[in-house]
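For reference, data.txt is printed below; it contains compact mmCIF, C-alpha atoms.
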# COMPACT_ATOMS: atom_id res chain seq x y z
CA MET A 116 -12.69 -41.92 3.52
CA VAL A 117 -9.98 -40.18 1.49
CA LYS A 118 -11.51 -36.81 2.34
CA GLY A 119 -11.35 -37.62 6.07
CA ARG A 120 -7.71 -38.70 5.86
CA LEU A 121 -6.81 -35.58 3.90
CA TRP A 122 -8.49 -33.39 6.52
CA PHE A 123 -6.69 -35.21 9.35
CA PHE A 124 -3.34 -34.97 7.55
CA SER A 125 -3.86 -31.25 6.87
CA LEU A 126 -4.70 -30.60 10.51
CA PHE A 127 -1.69 -32.65 11.63
CA LEU A 128 0.60 -30.73 9.27
CA VAL A 129 -0.71 -27.32 10.36
CA LEU A 130 -0.35 -28.15 14.06
CA ASN A 131 3.20 -29.44 13.57
CA LEU A 132 4.21 -26.39 11.56
CA ALA A 133 2.68 -24.10 14.18
CA ALA A 134 4.56 -25.87 16.96
CA THR A 135 7.82 -25.77 15.02
CA PHE A 136 7.69 -22.11 14.04
CA SER A 137 6.36 -20.87 17.38
CA SER A 138 9.42 -22.32 19.09
CA LEU A 139 11.83 -20.41 16.84
CA LYS A 140 13.29 -17.36 18.53
CA PHE A 141 14.84 -14.56 16.53
CA SER A 142 16.64 -11.47 17.73
CA ARG A 143 18.16 -8.44 16.05
CA ASP A 144 21.55 -10.20 16.28
CA ASP A 145 20.35 -12.88 13.85
CA PHE A 146 20.31 -10.33 11.01
CA PRO A 147 23.04 -8.27 9.34
CA PRO A 148 23.64 -4.86 10.95
CA ASP A 149 22.31 -3.01 7.88
CA PHE A 150 19.11 -5.07 7.69
CA ILE A 151 16.05 -2.80 7.90
CA PHE A 152 13.07 -4.14 9.82
CA GLY A 153 9.96 -2.69 8.28
CA SER A 154 6.51 -3.19 6.89
CA GLY A 155 4.74 -2.24 3.71
CA THR A 156 1.31 -1.24 2.49
CA SER A 157 -0.40 0.00 -0.63
CA ALA A 158 -2.28 3.29 -0.79
CA TYR A 159 -5.57 1.58 -1.62
CA GLN A 160 -5.10 -0.89 1.21
CA VAL A 161 -4.71 1.66 4.01
CA GLU A 162 -5.47 5.27 3.09
CA GLY A 163 -9.25 5.34 2.83
CA ALA A 164 -10.70 8.82 2.16
CA ALA A 165 -11.44 7.48 -1.31
CA PHE A 166 -13.61 10.39 -2.37
CA GLN A 167 -12.19 13.18 -0.21
CA ASP A 168 -9.93 16.16 -0.77
CA GLY A 169 -9.77 15.88 -4.54
CA ARG A 170 -8.90 12.21 -4.93
CA THR A 171 -10.59 10.66 -7.95
CA PRO A 172 -11.30 6.97 -8.59
CA SER A 173 -8.58 4.50 -9.50
CA ILE A 174 -9.20 1.26 -11.32
CA TRP A 175 -9.47 -0.43 -7.89
CA ASP A 176 -12.39 1.80 -6.92
CA THR A 177 -14.18 0.90 -10.13
CA PHE A 178 -13.47 -2.81 -9.67
CA VAL A 179 -14.73 -3.05 -6.10
CA HIS A 180 -17.76 -0.83 -6.65
CA ALA A 181 -18.78 -3.04 -9.59
CA GLY A 182 -19.59 -5.70 -6.99
CA LEU A 183 -16.59 -7.88 -7.70
CA SER A 184 -15.22 -7.89 -4.14
CA HIS A 185 -18.16 -9.14 -2.08
CA GLY A 186 -18.80 -5.67 -0.68
CA ALA A 187 -15.22 -4.96 0.45
CA THR A 188 -13.85 -1.58 -0.63
CA GLY A 189 -10.98 0.73 0.18
CA ASP A 190 -13.32 3.67 0.73
CA ILE A 191 -12.38 3.86 4.41
CA ALA A 192 -9.78 1.07 4.71
CA CYS A 193 -7.54 1.71 7.74
CA ASP A 194 -8.17 5.45 7.34
CA GLN A 195 -4.45 6.22 7.29
CA TYR A 196 -5.25 9.43 5.41
CA HIS A 197 -6.72 10.81 8.64
CA LYS A 198 -4.83 8.69 11.18
CA TYR A 199 -1.26 8.64 9.84
CA LYS A 200 0.19 10.11 13.06
CA GLU A 201 -1.40 7.34 15.13
CA ASP A 202 -0.19 4.77 12.59
CA VAL A 203 3.39 6.07 12.79
CA LYS A 204 3.25 5.86 16.59
CA LEU A 205 2.23 2.21 16.26
CA MET A 206 5.15 1.66 13.90
CA VAL A 207 7.51 3.12 16.50
CA GLU A 208 6.01 0.91 19.23
CA THR A 209 6.50 -2.11 16.97
CA GLY A 210 10.16 -1.19 16.44
CA LEU A 211 9.98 -0.64 12.70
CA GLU A 212 12.96 0.99 11.02
CA GLY A 213 11.40 1.31 7.58
CA TYR A 214 7.98 1.73 6.03
CA ARG A 215 7.27 0.97 2.37
CA PHE A 216 4.10 2.64 1.13
CA SER A 217 2.70 3.57 -2.23
CA ILE A 218 1.48 6.92 -3.47
CA SER A 219 -2.00 7.02 -4.94
CA TRP A 220 -1.57 8.54 -8.38
CA SER A 221 -5.24 9.59 -8.43
CA ARG A 222 -4.83 11.35 -5.06
CA LEU A 223 -1.74 13.25 -6.17
CA ILE A 224 -2.82 14.02 -9.77
CA PRO A 225 -6.59 13.42 -9.88
CA ASN A 226 -6.95 13.31 -13.66
CA GLY A 227 -3.80 11.25 -14.13
CA ARG A 228 -2.04 14.24 -15.68
CA GLY A 229 -2.12 17.97 -15.30
CA LEU A 230 -2.78 19.81 -12.07
CA VAL A 231 -1.38 18.47 -8.82
CA ASN A 232 -3.84 18.11 -5.95
CA PRO A 233 -2.36 20.28 -3.16
CA LYS A 234 -4.18 18.31 -0.45
CA GLY A 235 -2.77 15.04 -1.78
CA LEU A 236 0.73 16.51 -1.91
CA THR A 237 0.36 17.81 1.64
CA TYR A 238 -0.78 14.40 2.88
CA TYR A 239 2.26 12.58 1.47
CA ASN A 240 4.67 15.28 2.67
CA ASN A 241 3.15 15.11 6.15
CA LEU A 242 3.38 11.31 6.22
CA ILE A 243 7.02 11.35 5.12
CA ASN A 244 7.90 14.10 7.60
CA GLU A 245 6.18 12.22 10.42
CA LEU A 246 8.12 9.07 9.59
CA ILE A 247 11.49 10.82 9.43
CA ASN A 248 11.29 13.65 11.95
CA HIS A 249 9.18 12.16 14.70
CA ALA A 250 9.90 8.49 14.42
CA GLY A 251 13.24 8.00 12.67
CA ILE A 252 11.60 5.54 10.28
CA GLN A 253 12.99 5.36 6.75
CA PRO A 254 10.29 5.92 4.12
CA HIS A 255 10.47 3.66 1.07
CA VAL A 256 8.06 4.77 -1.63
CA SER A 257 6.45 2.74 -4.40
CA LEU A 258 5.20 5.01 -7.13
CA PHE A 259 2.78 2.46 -8.51
CA HIS A 260 0.91 -0.35 -6.82
CA GLY A 261 -1.70 -1.30 -9.40
CA ASP A 262 -3.99 1.69 -8.92
CA THR A 263 -4.04 3.47 -12.27
CA PRO A 264 -6.25 6.56 -12.29
CA GLN A 265 -9.60 5.56 -13.77
CA ALA A 266 -9.49 8.67 -15.98
CA LEU A 267 -6.47 7.27 -17.86
CA GLU A 268 -8.03 3.81 -18.07
CA ASP A 269 -11.15 5.35 -19.61
CA GLU A 270 -9.20 7.57 -22.00
CA TYR A 271 -6.72 5.09 -23.47
CA GLU A 272 -6.94 1.81 -21.50
CA GLY A 273 -4.14 2.64 -19.07
CA TRP A 274 -1.09 0.39 -19.24
CA ILE A 275 -2.22 -1.22 -22.48
CA SER A 276 -1.37 2.03 -24.25
CA ARG A 277 2.10 3.49 -24.69
CA ARG A 278 0.57 6.90 -23.95
CA ILE A 279 0.78 6.10 -20.25
CA VAL A 280 4.58 6.35 -20.33
CA LYS A 281 4.48 10.15 -20.75
CA ASP A 282 1.83 10.51 -18.04
CA PHE A 283 3.72 8.25 -15.65
CA ILE A 284 6.95 10.22 -16.19
CA GLU A 285 5.11 13.44 -15.34
CA TYR A 286 3.63 11.79 -12.24
CA ALA A 287 7.07 10.49 -11.19
CA ASP A 288 8.57 13.97 -11.68
CA VAL A 289 5.99 15.37 -9.25
CA CYS A 290 6.93 12.68 -6.72
CA PHE A 291 10.65 13.49 -6.93

Reformat the file's structure so that it appears as structure tokens.
Amino acid sequence: MVKGRLWFFSLFLVLNLAATFSSLKFSRDDFPPDFIFGSGTSAYQVEGAAFQDGRTPSIWDTFVHAGLSHGATGDIACDQYHKYKEDVKLMVETGLEGYRFSISWSRLIPNGRGLVNPKGLTYYNNLINELINHAGIQPHVSLFHGDTPQALEDEYEGWISRRIVKDFIEYADVCF
């Protein structure tokens, strides 16, 4: 009996919340003039192309391919790596003024340190240029979104080790 009441109450609450929030109307005038309307993603969430053009595995690739995500992976994801121009057009149609995205460390510097992957660098430059030059959308970049290169995790356990500070600084220098 308690279970039935709880279900009914939950349904009642959800329906009332839906009715309340669907009747709220917002416009640009409801926000400060310098407020930036935008969206955000993580590299692993949208890029795809997980094993293409020099990108090496991150800890996320290892985690999901170990069977811990019920078969879901970021191998293809939204395929932004190949479809970024289409994605930016959708952002324009949506009226976005800003886009926060992360850079995949293992796409930009496949071994976590050392040589820069020119195809990874080209991808991020093209994405940023598309946002700015063709859409007028402000790029906001996150340098790290939980996707440590697996090579660094294997070598010294990633963020558990202080050794990552030097590697992260070198990565950040490439980004700036």

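Minimum distance to A:Ile191 across A:Phe141, A:Ile284, A:Glu162, A:His255 (counting only C-alpha atoms) occurs at A:Glu162.
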
Which residues of stretch 208-275 of chain A sit at most 12 Å from stretch 142-148 of chain A, using all atoms listed in the file? Give each one's shortest atom pair and distance in Å (one decimal place), in chain and ascending residue order, as a tab-separated table.
residue	atom	partner	partner_atom	distance
A:Gly210	CA	A:Arg143	CA	10.8
A:Leu211	CA	A:Arg143	CA	11.8
A:Glu212	CA	A:Arg143	CA	11.9

Centre, edges in Å (one decimal): axis-aligned box, stretch 172-189 of chain A, 3 Å padding on all six sides, as lines of an AutoDock Vina configuration file:
center_x = -14.1
center_y = -1.1
center_z = -5.4
size_x = 17.0
size_y = 22.1
size_z = 17.8

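You can rank A:Tyr199, A:Tyr214, A:Trp220, A:Tyr239 by their closest distance to A:Pro172 using all atoms listed in the file, and at the top of that list sits A:Trp220.
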
message: Give me, as a VMD selection string, all polymer residues having an atom no more than 12 Å from A:Asn244, counting all atoms listed in the file and skipping those fewer than 4 positions away in the same chain.
response: chain A and resid 199 to 200 203 237 to 240 248 to 254

message: With distances taken over only C-alpha atoms, which residue among A:Thr171, A:Asn241, A:Ser184, A:Asn232 lies nearest A:Tyr196?
response: A:Asn241

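Atom CA of A:Thr188 sits 19.0 Å away from atom CA of A:Ala266.
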
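When all atoms listed in the file are used to measure the gap to A:Arg228, the shortest distance among A:Asp282, A:Asp288, A:Glu272, A:Asp149 belongs to A:Asp282.
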
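Using all atoms listed in the file, the residues found no farther than 12 Å from A:Asp262, other than those of its own chain fewer than 3 positions away, are Ser157, Ala158, Tyr159, Gln160, Thr171, Pro172, Ser173, Ile174, Trp175, Asp176, Thr177, Phe178, Gly189, Ser217, Ile218, Ser219, Trp220, Ser221, Arg222, Gly227, Ser257, Leu258, Phe259, Gln265, Ala266, Leu267, Glu268, Gly273 and Trp274 of chain A.
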
Given the selection you just returned, output its residues as a file containing C-alpha atoms, formatted as a CSV table (one decimal), in the frame of the given file.
chain,number,residue,atom,x,y,z
A,157,SER,CA,-0.4,0.0,-0.6
A,158,ALA,CA,-2.3,3.3,-0.8
A,159,TYR,CA,-5.6,1.6,-1.6
A,160,GLN,CA,-5.1,-0.9,1.2
A,171,THR,CA,-10.6,10.7,-8.0
A,172,PRO,CA,-11.3,7.0,-8.6
A,173,SER,CA,-8.6,4.5,-9.5
A,174,ILE,CA,-9.2,1.3,-11.3
A,175,TRP,CA,-9.5,-0.4,-7.9
A,176,ASP,CA,-12.4,1.8,-6.9
A,177,THR,CA,-14.2,0.9,-10.1
A,178,PHE,CA,-13.5,-2.8,-9.7
A,189,GLY,CA,-11.0,0.7,0.2
A,217,SER,CA,2.7,3.6,-2.2
A,218,ILE,CA,1.5,6.9,-3.5
A,219,SER,CA,-2.0,7.0,-4.9
A,220,TRP,CA,-1.6,8.5,-8.4
A,221,SER,CA,-5.2,9.6,-8.4
A,222,ARG,CA,-4.8,11.4,-5.1
A,227,GLY,CA,-3.8,11.2,-14.1
A,257,SER,CA,6.4,2.7,-4.4
A,258,LEU,CA,5.2,5.0,-7.1
A,259,PHE,CA,2.8,2.5,-8.5
A,265,GLN,CA,-9.6,5.6,-13.8
A,266,ALA,CA,-9.5,8.7,-16.0
A,267,LEU,CA,-6.5,7.3,-17.9
A,268,GLU,CA,-8.0,3.8,-18.1
A,273,GLY,CA,-4.1,2.6,-19.1
A,274,TRP,CA,-1.1,0.4,-19.2

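Rounded to one decimal, atom CA of A:Phe216 and atom CA of A:Arg170 lie 17.2 Å from each other.
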
task: Measuring atom to atom with only C-alpha atoms, identify which of A:Glu201, A:Phe283, A:Asn226, A:His185 is nearest to A:Glu270.
output: A:Asn226

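Note that atom CA of A:Asp190 and atom CA of A:Ala164 are 6.0 Å apart.
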
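Proximity to A:Ile247 was assessed for A:Lys204, A:Lys140, A:Arg278, A:His197 counting only C-alpha atoms; the smallest distance is recorded for A:Lys204.
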